[in-house]
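One file, work-v4.cif, carrying mmCIF, C-alpha atoms:
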data_protein
#
loop_
_atom_site.label_atom_id
_atom_site.label_comp_id
_atom_site.auth_asym_id
_atom_site.auth_seq_id
_atom_site.Cartn_x
_atom_site.Cartn_y
_atom_site.Cartn_z
CA MET A 1 0.00 0.00 0.00
CA ALA A 2 1.36 3.38 -1.04
CA THR A 3 2.30 5.76 1.74
CA SER A 4 0.91 9.27 2.11
CA GLU A 5 3.08 12.29 2.82
CA TYR A 6 2.19 15.91 3.59
CA HIS A 7 4.48 18.83 2.76
CA ASP A 8 4.25 22.59 2.42
CA LEU A 9 5.61 22.37 -1.11
CA VAL A 10 6.08 19.61 -3.66
CA ILE A 11 8.57 20.24 -6.47
CA ILE A 12 8.19 17.94 -9.46
CA GLY A 13 11.34 17.61 -11.51
CA SER A 14 15.03 17.81 -10.61
CA GLY A 15 16.61 19.54 -13.56
CA PRO A 16 18.12 23.03 -13.16
CA ALA A 17 14.68 24.52 -12.44
CA GLY A 18 13.68 21.89 -9.89
CA LEU A 19 17.00 21.86 -8.06
CA SER A 20 17.14 25.66 -7.98
CA ALA A 21 13.61 25.71 -6.56
CA SER A 22 14.64 23.09 -4.00
CA ILE A 23 17.63 25.17 -2.90
CA TYR A 24 15.54 28.32 -2.48
CA ALA A 25 12.69 26.47 -0.77
CA THR A 26 15.06 24.82 1.70
CA ARG A 27 16.72 28.14 2.51
CA ALA A 28 13.23 29.56 3.16
CA MET A 29 12.72 26.82 5.78
CA LEU A 30 9.85 25.25 3.84
CA ASP A 31 8.91 21.62 4.34
CA ALA A 32 9.54 20.74 0.70
CA ILE A 33 10.16 17.57 -1.26
CA THR A 34 11.51 17.27 -4.79
CA ILE A 35 10.28 14.36 -6.89
CA GLU A 36 12.17 13.11 -9.96
CA GLN A 37 10.71 10.58 -12.38
CA THR A 38 13.75 9.52 -14.44
CA ALA A 39 17.21 10.87 -13.55
CA ILE A 40 18.29 13.63 -11.17
CA GLY A 41 19.57 16.50 -13.28
CA GLY A 42 17.07 16.01 -16.08
CA GLN A 43 17.94 16.32 -19.76
CA VAL A 44 20.98 18.44 -18.94
CA ILE A 45 22.98 15.42 -17.78
CA THR A 46 23.15 14.22 -21.40
CA THR A 47 24.89 17.42 -22.52
CA ASN A 48 28.54 16.70 -23.21
CA GLU A 49 29.92 20.23 -23.13
CA ILE A 50 28.72 23.39 -21.36
CA ASP A 51 30.65 26.64 -21.57
CA ASN A 52 27.92 29.26 -21.16
CA TYR A 53 26.90 28.78 -17.53
CA PRO A 54 28.44 31.73 -15.65
CA GLY A 55 31.14 30.82 -13.18
CA VAL A 56 31.41 27.18 -14.28
CA PRO A 57 33.30 27.14 -17.59
CA ASN A 58 34.22 24.04 -19.57
CA THR A 59 32.05 21.54 -17.77
CA THR A 60 29.63 18.77 -18.70
CA GLY A 61 25.93 18.59 -17.98
CA PHE A 62 26.46 15.69 -15.61
CA GLU A 63 29.16 17.52 -13.64
CA LEU A 64 27.13 20.72 -13.36
CA MET A 65 23.96 18.96 -12.24
CA ASP A 66 25.95 16.84 -9.80
CA LEU A 67 27.14 20.08 -8.18
CA MET A 68 23.59 21.43 -8.04
CA GLU A 69 22.27 18.23 -6.50
CA LYS A 70 25.06 18.18 -3.90
CA GLN A 71 24.38 21.80 -3.01
CA ALA A 72 20.67 21.11 -2.58
CA ARG A 73 21.24 18.00 -0.45
CA ASP A 74 23.90 19.71 1.67
CA LEU A 75 21.35 22.42 2.49
CA GLY A 76 18.88 19.75 3.57
CA SER A 77 16.74 19.27 0.46
CA LYS A 78 14.78 16.03 0.29
CA ILE A 79 14.88 14.45 -3.17
CA VAL A 80 13.09 11.21 -4.01
CA MET A 81 12.43 9.11 -7.10
CA ASP A 82 8.83 8.46 -8.08
CA ASN A 83 6.64 8.37 -11.17
CA ILE A 84 3.85 10.93 -10.99
CA VAL A 85 0.52 9.59 -12.18
CA SER A 86 -1.85 12.48 -11.45
CA ILE A 87 -2.11 15.93 -9.87
CA GLU A 88 -5.37 17.34 -8.54
CA LYS A 89 -6.41 20.24 -6.34
CA ASP A 90 -9.30 20.32 -3.89
CA ASN A 91 -10.72 23.82 -4.32
CA GLU A 92 -12.36 23.87 -0.90
CA SER A 93 -9.26 23.03 1.13
CA GLY A 94 -6.76 24.36 -1.40
CA ILE A 95 -4.71 21.18 -1.01
CA PHE A 96 -2.97 19.51 -3.94
CA THR A 97 -2.86 15.72 -4.17
CA ILE A 98 0.02 14.32 -6.20
CA VAL A 99 -0.28 10.59 -6.83
CA GLY A 100 2.93 8.72 -7.53
CA GLY A 101 3.75 5.08 -8.06
CA SER A 102 5.40 4.80 -4.64
CA ALA A 103 3.48 7.32 -2.53
CA THR A 104 0.77 9.97 -2.49
CA TYR A 105 1.93 13.48 -1.68
CA THR A 106 -0.27 16.34 -0.47
CA ALA A 107 0.81 19.95 -0.32
CA LYS A 108 -0.36 23.54 -0.14
CA ALA A 109 1.76 24.50 -3.18
CA VAL A 110 3.34 22.78 -6.17
CA ILE A 111 6.21 23.75 -8.45
CA PHE A 112 6.01 21.86 -11.74
CA ALA A 113 9.43 21.64 -13.42
CA THR A 114 9.27 18.51 -15.57
CA GLY A 115 11.15 19.93 -18.56
CA ALA A 116 10.60 18.64 -22.06
CA THR A 117 11.08 15.38 -23.95
CA PRO A 118 12.42 14.86 -27.49
CA ARG A 119 9.92 15.18 -30.34
CA HIS A 120 9.57 12.39 -32.85
CA ALA A 121 10.18 13.04 -36.53
CA GLY A 122 7.16 10.97 -37.60
CA PHE A 123 8.67 8.55 -40.10
CA GLU A 124 7.39 5.00 -40.44
CA ASN A 125 8.74 2.49 -37.88
CA GLU A 126 10.33 5.28 -35.81
CA GLU A 127 8.91 4.01 -32.51
CA LYS A 128 9.40 0.36 -33.47
CA PHE A 129 13.16 0.83 -33.76
CA ALA A 130 13.62 3.31 -30.92
CA GLY A 131 16.62 2.05 -29.00
CA ARG A 132 17.45 -0.36 -31.83
CA GLY A 133 18.88 2.06 -34.35
CA VAL A 134 16.75 5.15 -33.72
CA SER A 135 17.96 7.50 -31.00
CA TYR A 136 17.18 10.96 -29.62
CA CYS A 137 20.32 11.64 -27.59
CA GLY A 138 23.77 11.92 -29.13
CA THR A 139 25.66 12.00 -25.85
CA CYS A 140 23.68 9.04 -24.53
CA ASP A 141 24.02 6.71 -27.49
CA GLY A 142 26.88 8.00 -29.64
CA MET A 143 29.33 5.48 -28.19
CA PHE A 144 27.26 2.64 -29.65
CA TYR A 145 28.01 3.87 -33.17
CA ARG A 146 31.79 3.72 -33.20
CA GLY A 147 32.96 3.10 -36.75
CA LYS A 148 29.41 3.22 -38.11
CA SER A 149 27.37 5.66 -40.20
CA ILE A 150 24.81 8.02 -38.75
CA PHE A 151 21.94 9.99 -40.25
CA ALA A 152 21.09 12.99 -38.07
CA ILE A 153 17.71 14.65 -38.63
CA GLY A 154 17.25 18.34 -37.82
CA GLY A 155 18.39 21.84 -38.61
CA GLY A 156 18.57 23.72 -35.31
CA ASN A 157 21.39 24.41 -32.86
CA THR A 158 20.86 21.17 -30.94
CA ALA A 159 20.88 19.09 -34.12
CA VAL A 160 24.14 20.63 -35.31
CA GLU A 161 25.81 20.42 -31.88
CA ASP A 162 24.84 16.78 -31.47
CA ALA A 163 25.90 15.92 -35.02
CA LEU A 164 29.32 17.41 -34.34
CA PHE A 165 29.54 15.41 -31.14
CA LEU A 166 28.63 12.21 -33.01
CA THR A 167 31.61 12.66 -35.35
CA ARG A 168 33.77 11.58 -32.40
CA PHE A 169 32.36 8.07 -32.80
CA ALA A 170 30.92 7.59 -36.28
CA ASP A 171 32.86 7.11 -39.49
CA HIS A 172 30.48 9.53 -41.14
CA VAL A 173 27.50 11.69 -40.18
CA THR A 174 24.93 12.75 -42.77
CA MET A 175 22.71 15.67 -41.78
CA ILE A 176 19.13 15.41 -43.07
CA VAL A 177 17.63 18.91 -43.30
CA ARG A 178 13.98 19.31 -44.27
CA LYS A 179 14.40 22.82 -45.69
CA ASP A 180 17.05 24.40 -47.90
CA HIS A 181 18.85 25.93 -44.91
CA PHE A 182 19.75 25.40 -41.27
CA ARG A 183 18.16 27.30 -38.39
CA ALA A 184 21.32 26.99 -36.34
CA GLN A 185 23.76 29.76 -35.52
CA PRO A 186 26.17 30.59 -38.38
CA ALA A 187 29.25 29.69 -36.30
CA LEU A 188 27.87 26.21 -35.67
CA ILE A 189 26.97 25.72 -39.32
CA LYS A 190 30.51 26.64 -40.37
CA ARG A 191 31.97 24.10 -37.94
CA LEU A 192 29.67 21.48 -39.44
CA GLU A 193 30.50 22.37 -43.03
CA ASP A 194 34.23 22.34 -42.26
CA ASN A 195 34.11 18.87 -40.69
CA GLU A 196 35.34 16.28 -43.18
CA LYS A 197 33.27 13.55 -41.53
CA VAL A 198 29.99 15.38 -42.25
CA SER A 199 27.82 15.66 -45.33
CA ILE A 200 24.52 17.53 -45.65
CA ARG A 201 21.36 16.66 -47.57
CA TYR A 202 19.06 19.65 -47.80
CA GLN A 203 15.34 19.53 -48.67
CA THR A 204 15.25 15.89 -47.63
CA SER A 205 13.08 13.92 -45.20
CA VAL A 206 13.25 10.40 -43.81
CA VAL A 207 9.98 8.62 -44.56
CA LYS A 208 10.74 5.09 -43.33
CA VAL A 209 13.31 2.86 -41.67
CA ASP A 210 13.27 -0.91 -41.57
CA GLY A 211 15.27 -3.91 -40.50
CA ASN A 212 15.18 -7.09 -38.49
CA GLN A 213 16.53 -6.76 -34.95
CA LEU A 214 18.45 -3.65 -36.03
CA LEU A 215 18.14 -1.26 -38.95
CA ASN A 216 19.25 -2.28 -42.42
CA GLU A 217 17.49 0.23 -44.68
CA ILE A 218 16.29 3.81 -44.77
CA THR A 219 14.00 5.59 -47.22
CA PHE A 220 14.36 9.28 -48.08
CA ARG A 221 12.09 11.72 -49.85
CA ASN A 222 13.26 14.66 -51.92
CA ASN A 223 11.03 17.46 -50.64
CA VAL A 224 11.24 19.32 -53.96
CA THR A 225 10.46 16.52 -56.41
CA GLY A 226 8.68 14.11 -54.06
CA GLU A 227 10.89 11.27 -55.28
CA GLU A 228 11.61 8.52 -52.73
CA THR A 229 14.77 6.43 -52.63
CA THR A 230 15.69 3.53 -50.35
CA GLU A 231 19.25 2.84 -49.27
CA LYS A 232 20.26 -0.56 -47.89
CA PHE A 233 23.08 -1.32 -45.46
CA ASP A 234 24.43 -4.21 -43.45
CA GLU A 235 22.19 -4.72 -40.44
CA GLY A 236 23.29 -2.63 -37.48
CA SER A 237 25.88 -0.67 -39.47
CA PHE A 238 24.07 2.67 -39.18
CA GLY A 239 21.79 4.63 -36.90
CA VAL A 240 19.27 7.45 -37.14
CA PHE A 241 19.39 10.29 -34.61
CA VAL A 242 16.36 12.56 -34.35
CA PHE A 243 16.97 16.16 -33.24
CA VAL A 244 13.75 18.01 -34.10
CA GLY A 245 12.96 19.80 -30.87
CA GLN A 246 11.41 19.15 -27.51
CA GLN A 247 7.88 18.45 -26.31
CA PRO A 248 7.03 20.11 -22.98
CA ALA A 249 6.03 17.40 -20.47
CA SER A 250 2.82 19.10 -19.39
CA GLU A 251 0.09 16.52 -20.05
CA VAL A 252 -0.48 15.52 -16.42
CA LEU A 253 -1.69 19.02 -15.48
CA GLY A 254 -4.64 18.90 -17.88
CA ASP A 255 -6.80 22.02 -17.70
CA MET A 256 -5.25 23.25 -14.45
CA VAL A 257 -3.03 25.45 -16.63
CA GLU A 258 -3.18 27.37 -19.88
CA LYS A 259 -0.92 26.10 -22.65
CA LEU A 260 0.40 27.08 -26.04
CA PRO A 261 -0.43 24.74 -28.95
CA ASN A 262 2.92 22.98 -28.46
CA GLY A 263 2.07 22.16 -24.83
CA ALA A 264 4.25 24.80 -23.19
CA ILE A 265 2.62 26.16 -20.03
CA ILE A 266 1.76 29.83 -19.75
CA THR A 267 2.73 31.60 -16.52
CA ASN A 268 3.09 35.17 -15.33
CA GLU A 269 6.42 36.73 -14.29
CA HIS A 270 6.08 35.11 -10.87
CA MET A 271 5.87 31.64 -12.51
CA ALA A 272 2.25 31.41 -11.33
CA THR A 273 -0.43 29.64 -13.37
CA LYS A 274 -4.18 30.16 -13.44
CA THR A 275 -4.45 27.66 -10.55
CA GLU A 276 -3.60 29.32 -7.25
CA GLY A 277 -0.63 27.68 -5.57
CA LEU A 278 0.61 25.99 -8.76
CA TYR A 279 3.86 27.33 -10.21
CA VAL A 280 5.76 26.25 -13.30
CA ALA A 281 9.48 26.60 -14.03
CA GLY A 282 12.00 25.61 -16.68
CA ASP A 283 11.66 24.16 -20.16
CA VAL A 284 8.07 23.04 -19.64
CA ARG A 285 7.12 26.73 -19.44
CA ALA A 286 6.40 29.04 -22.39
CA THR A 287 9.68 30.93 -22.50
CA PRO A 288 11.73 32.73 -25.15
CA LEU A 289 14.93 30.94 -24.11
CA ARG A 290 15.49 27.38 -22.93
CA GLN A 291 18.87 27.34 -21.25
CA ILE A 292 20.24 26.07 -17.94
CA ILE A 293 20.58 29.59 -16.59
CA THR A 294 17.00 30.58 -17.43
CA ALA A 295 15.62 27.34 -15.96
CA ALA A 296 17.56 27.95 -12.73
CA SER A 297 16.20 31.50 -12.65
CA ASP A 298 12.66 30.22 -13.12
CA GLY A 299 13.14 27.82 -10.22
CA ALA A 300 14.36 30.56 -7.91
CA ILE A 301 11.42 32.79 -8.81
CA ALA A 302 8.91 29.94 -8.44
CA ALA A 303 10.20 28.98 -5.00
CA THR A 304 10.16 32.60 -3.85
CA SER A 305 6.62 32.99 -5.15
CA ALA A 306 5.52 29.78 -3.44
CA SER A 307 7.11 30.92 -0.17
CA SER A 308 5.20 34.20 -0.33
CA PHE A 309 1.99 32.33 -1.15
CA LEU A 310 2.53 30.10 1.88
CA GLY A 311 3.12 33.15 4.07
CA ILE A 312 6.81 32.51 4.59
CA PRO A 313 8.82 35.44 3.20
CA VAL A 314 12.25 34.76 1.72
CA GLU A 315 15.08 36.82 3.14
#

Translate the structure of the given file into structure tokens.
Amino acid sequence: MATSEYHDLVIIGSGPAGLSASIYATRAMLDAITIEQTAIGGQVITTNEIDNYPGVPNTTGFELMDLMEKQARDLGSKIVMDNIVSIEKDNESGIFTIVGGSATYTAKAVIFATGATPRHAGFENEEKFAGRGVSYCGTCDGMFYRGKSIFAIGGGNTAVEDALFLTRFADHVTMIVRKDHFRAQPALIKRLEDNEKVSIRYQTSVVKVDGNQLLNEITFRNNVTGEETTEKFDEGSFGVFVFVGQQPASEVLGDMVEKLPNGAIITNEHMATKTEGLYVAGDVRATPLRQIITAASDGAIAATSASSFLGIPVE
């Protein structure tokens, strides 16, 4: 039987936003708990190189998030692993009930900082071969493609950065770009174009992959002519990496919040939503910039707002 816990504040997610919120909540002497569903540190731990977080140059995502987690725990933050199934609020009492796989948590306030998950490209058999030739994380899976070929789908900064990272392992990386240009920063594009292990196919889409246990063929479409061509390889000799953006992980909140069409949650400058006592921080929020520093800022603001809501001012 699942246990039941009561807290002043429940923080859902332990990426930069969640850990920052945890640090600020703990310093405000709140009875807070931070719940993580997959891995402490969130998506950031898969980032191989970070050089734009002030004060911590030339680090990795894992190292930076390890420091944040240690700081939070050293201050007294409670962080647990659980899979959140539902979140509801009783309007009469004002109490939130957060149901997890291991326990049920009740609280006066909630900070939702679940981040975002990789979007799928939508080609045939994409989900069937996920983890068996189709991947969404270069730093997670690049090592499995040593000496092999890789097709990397996408045209933004993340796609280019991850493709460059994959050249450390693969014999060759082919960028598949839907339009006739990249959306990435010019400096990144130049690095890609100058890399002898990279080739680029513009105005091209992947329409299908196939294989047995692992991939052995991939079908492309020319987005100008509509012509489709299938290329065959030895089974397991290549992989497809999908870098086409992130999907905010906001489904569990339902109509408790307002969202953009892409699922990003709308908040005010205090990180507050339309539901009193519910705050949102980080990449799951509608924001003009999704970076570690902005997520950490969101978390600090959300925790401060929650503290004020709970009647405990932050010094």

Can you pull out every residue within 8 Å of stretch 217-230 of chain A, counting only C-alpha atoms, but drop anything in the same chain fewer than 3 positions away, and send it as a list of chain:residue names?
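Returned residues: A:Arg178, A:Gln203, A:Thr204, A:Ser205, A:Val206, A:Val207, A:Lys208, A:Val209, A:Asp210, A:Gly211, A:Phe233.
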
Could you write out the selected residues, including C-alpha atoms, as a PDB file, in the coordinates of the input?
ATOM      1  CA  ARG A 178      13.980  19.310 -44.270  1.00  0.00           C
ATOM      2  CA  GLN A 203      15.340  19.530 -48.670  1.00  0.00           C
ATOM      3  CA  THR A 204      15.250  15.890 -47.630  1.00  0.00           C
ATOM      4  CA  SER A 205      13.080  13.920 -45.200  1.00  0.00           C
ATOM      5  CA  VAL A 206      13.250  10.400 -43.810  1.00  0.00           C
ATOM      6  CA  VAL A 207       9.980   8.620 -44.560  1.00  0.00           C
ATOM      7  CA  LYS A 208      10.740   5.090 -43.330  1.00  0.00           C
ATOM      8  CA  VAL A 209      13.310   2.860 -41.670  1.00  0.00           C
ATOM      9  CA  ASP A 210      13.270  -0.910 -41.570  1.00  0.00           C
ATOM     10  CA  GLY A 211      15.270  -3.910 -40.500  1.00  0.00           C
ATOM     11  CA  PHE A 233      23.080  -1.320 -45.460  1.00  0.00           C
TER      12      PHE A 233
END

So the first atom is atom CA of A:Gln246 and the second is atom CA of A:Val44; what is the distance between them in Å, to one decimal place?
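Taking atom CA of A:Gln246 and atom CA of A:Val44, their separation equals 12.9 Å.
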
Reference answer for the PyMOL selection byres ((chain A and resi 113-127) around 7), as a list in words
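Against this file, the PyMOL selection byres ((chain A and resi 113-127) around 7) returns the residues Ile12, Gly13, Ala17, Gly18, Ile111, Phe112, Lys128, Phe129, Ala130, Val134, Tyr136, Val206, Val207, Lys208, Val209, Asp210, Val242, Val244, Gly245, Gln246, Gln247, Pro248, Ala249, Val280, Ala281, Gly282, Asp283 and Val284 of chain A.
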
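Look at A:Ala264: the protein and nucleic acid residues within 8 Å of it, using only C-alpha atoms and passing over chain neighbours fewer than 2 places away, are Gln247, Pro248, Ser250, Lys259, Leu260, Pro261, Asn262, Ile266, Val284, Arg285 and Ala286 of chain A.
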
Would you save the residues from that selection as a CSV table (one decimal), in the coordinates of the input, using C-alpha atoms?
chain,number,residue,atom,x,y,z
A,247,GLN,CA,7.9,18.4,-26.3
A,248,PRO,CA,7.0,20.1,-23.0
A,250,SER,CA,2.8,19.1,-19.4
A,259,LYS,CA,-0.9,26.1,-22.6
A,260,LEU,CA,0.4,27.1,-26.0
A,261,PRO,CA,-0.4,24.7,-29.0
A,262,ASN,CA,2.9,23.0,-28.5
A,266,ILE,CA,1.8,29.8,-19.8
A,284,VAL,CA,8.1,23.0,-19.6
A,285,ARG,CA,7.1,26.7,-19.4
A,286,ALA,CA,6.4,29.0,-22.4

Using all atoms listed in the file, pick whichever of A:Gly277, A:Pro54, A:Gly101, A:Gly76 has the shortest atom-to-atom distance to A:Thr26.
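Checking each of A:Gly277, A:Pro54, A:Gly101, A:Gly76 against A:Thr26, counting all atoms listed in the file, the winner is A:Gly76.
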
Considering all atoms listed in the file, can you say which of A:Phe241, A:Ile153, A:Ala184, A:His7 comes closest to A:Ser135?
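Checking each candidate against A:Ser135, we get A:Phe241 as the closest.
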
Adding 3 Å on each side of the box along x, y and z that holds all listed atoms of stretch 69-74 of chain A, could you give its centre and edge lengths in Å to one decimal, as AutoDock Vina command-line options?
--center_x 22.9 --center_y 19.9 --center_z -2.4 --size_x 10.4 --size_y 9.8 --size_z 14.2

Could you write out as a PyMOL selection string the residues that the PyMOL selection byres ((chain A and resi 14) around 6) matches in the shown file?
chain A and resi 13+15+18-19+36+40-41

Starting from the displayed file, determine the output of the PyMOL selection byres ((chain A and resi 173) around 7) and express the residue list as a list in words.
Ser149, Ile150, Phe151, Ala152, Ala163, Thr167, Ala170, His172, Thr174, Met175, Lys197, Val198 and Ser199 of chain A

Keeping C-alpha atoms for every residue in the selection just given, could you write it to a file as a short mmCIF file (atom, residue, chain, number, x, y, z; two decimals), in the frame of the given file?
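Final file, part.cif:
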data_model
loop_
_atom_site.label_atom_id
_atom_site.label_comp_id
_atom_site.auth_asym_id
_atom_site.auth_seq_id
_atom_site.Cartn_x
_atom_site.Cartn_y
_atom_site.Cartn_z
CA SER A 149 27.37 5.66 -40.20
CA ILE A 150 24.81 8.02 -38.75
CA PHE A 151 21.94 9.99 -40.25
CA ALA A 152 21.09 12.99 -38.07
CA ALA A 163 25.90 15.92 -35.02
CA THR A 167 31.61 12.66 -35.35
CA ALA A 170 30.92 7.59 -36.28
CA HIS A 172 30.48 9.53 -41.14
CA THR A 174 24.93 12.75 -42.77
CA MET A 175 22.71 15.67 -41.78
CA LYS A 197 33.27 13.55 -41.53
CA VAL A 198 29.99 15.38 -42.25
CA SER A 199 27.82 15.66 -45.33
#

Between atom CA of A:Asn157 and atom CA of A:Tyr202, what distance in Å does the model show, to one decimal?
15.9 Å

Hey, could you make a per-residue contact list for stretch 77-98 of chain A against stretch 252-257 of chain A with 8 Å as the cut-off, showing the nearest pair of atoms and its distance in Å to one decimal, counting only C-alpha atoms, sorted by chain and number, as JSON lines?
{"residue": "A:Val85", "atom": "CA", "partner": "A:Val252", "partner_atom": "CA", "distance": 7.4}
{"residue": "A:Ser86", "atom": "CA", "partner": "A:Val252", "partner_atom": "CA", "distance": 6.0}
{"residue": "A:Ile87", "atom": "CA", "partner": "A:Leu253", "partner_atom": "CA", "distance": 6.4}

Could you tell me how far atom CA of A:Ser20 lies from atom CA of A:Glu161, in Å and to one decimal?
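Interatomic distance, atom CA of A:Ser20 to atom CA of A:Glu161: 26.0 Å.
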
Among listed residues A:Thr59, A:Phe165, A:Asn83, A:Leu278, nearest A:Leu9 (using only C-alpha atoms)
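Once distances to A:Leu9 are computed over only C-alpha atoms, the minimum belongs to A:Leu278.
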
Minimum-distance residue to A:Val80, chosen among A:Thr106, A:Asn58, A:Ser297, A:Gln37 (using only C-alpha atoms):
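Looking at the shortest contact to A:Val80, the residue is A:Gln37.
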
Show me the residues around (9.3, 20.2, 5.8) - criterion: an atom at most 7 Å away, all atoms listed in the file counted - as a PDB file with C-alpha atoms, in the frame of the given file.
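What landed in result_12.pdb:
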ATOM      1  CA  HIS A   7       4.480  18.830   2.760  1.00  0.00           C
ATOM      2  CA  ASP A   8       4.250  22.590   2.420  1.00  0.00           C
ATOM      3  CA  LEU A  30       9.850  25.250   3.840  1.00  0.00           C
ATOM      4  CA  ASP A  31       8.910  21.620   4.340  1.00  0.00           C
ATOM      5  CA  ALA A  32       9.540  20.740   0.700  1.00  0.00           C
TER       6      ALA A  32
END

Pick from A:Ile292, A:Val10, A:Ile265, A:Ala103, whichever lies nearest to A:Ala306 using only C-alpha atoms
A:Val10

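Shell of A:Ser307 at 9 Å, with all atoms listed in the file counted and residues fewer than 4 places along the chain excluded, is A:Leu9, A:Ala25, A:Ala28, A:Leu30, A:Ala109, A:Ala302, A:Ala303, A:Gly311, A:Ile312, A:Pro313, A:Val314.
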
Restricting the calculation to only C-alpha atoms, which member of A:Tyr24, A:Ala187, A:Lys108, A:Glu196 is positioned closest to A:Lys89?
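For A:Lys89, the nearest of the given residues is A:Lys108.
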
Give me the residues within 7 Å of A:Gly155 as a PDB file with C-alpha atoms, in the frame of the given file, counting all atoms listed in the file and dropping any in the same chain fewer than 3 places off.
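File produced: out_15.pdb:
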ATOM      1  CA  ALA A 159      20.880  19.090 -34.120  1.00  0.00           C
ATOM      2  CA  VAL A 160      24.140  20.630 -35.310  1.00  0.00           C
ATOM      3  CA  VAL A 177      17.630  18.910 -43.300  1.00  0.00           C
ATOM      4  CA  PHE A 182      19.750  25.400 -41.270  1.00  0.00           C
ATOM      5  CA  ARG A 183      18.160  27.300 -38.390  1.00  0.00           C
ATOM      6  CA  ALA A 184      21.320  26.990 -36.340  1.00  0.00           C
TER       7      ALA A 184
END
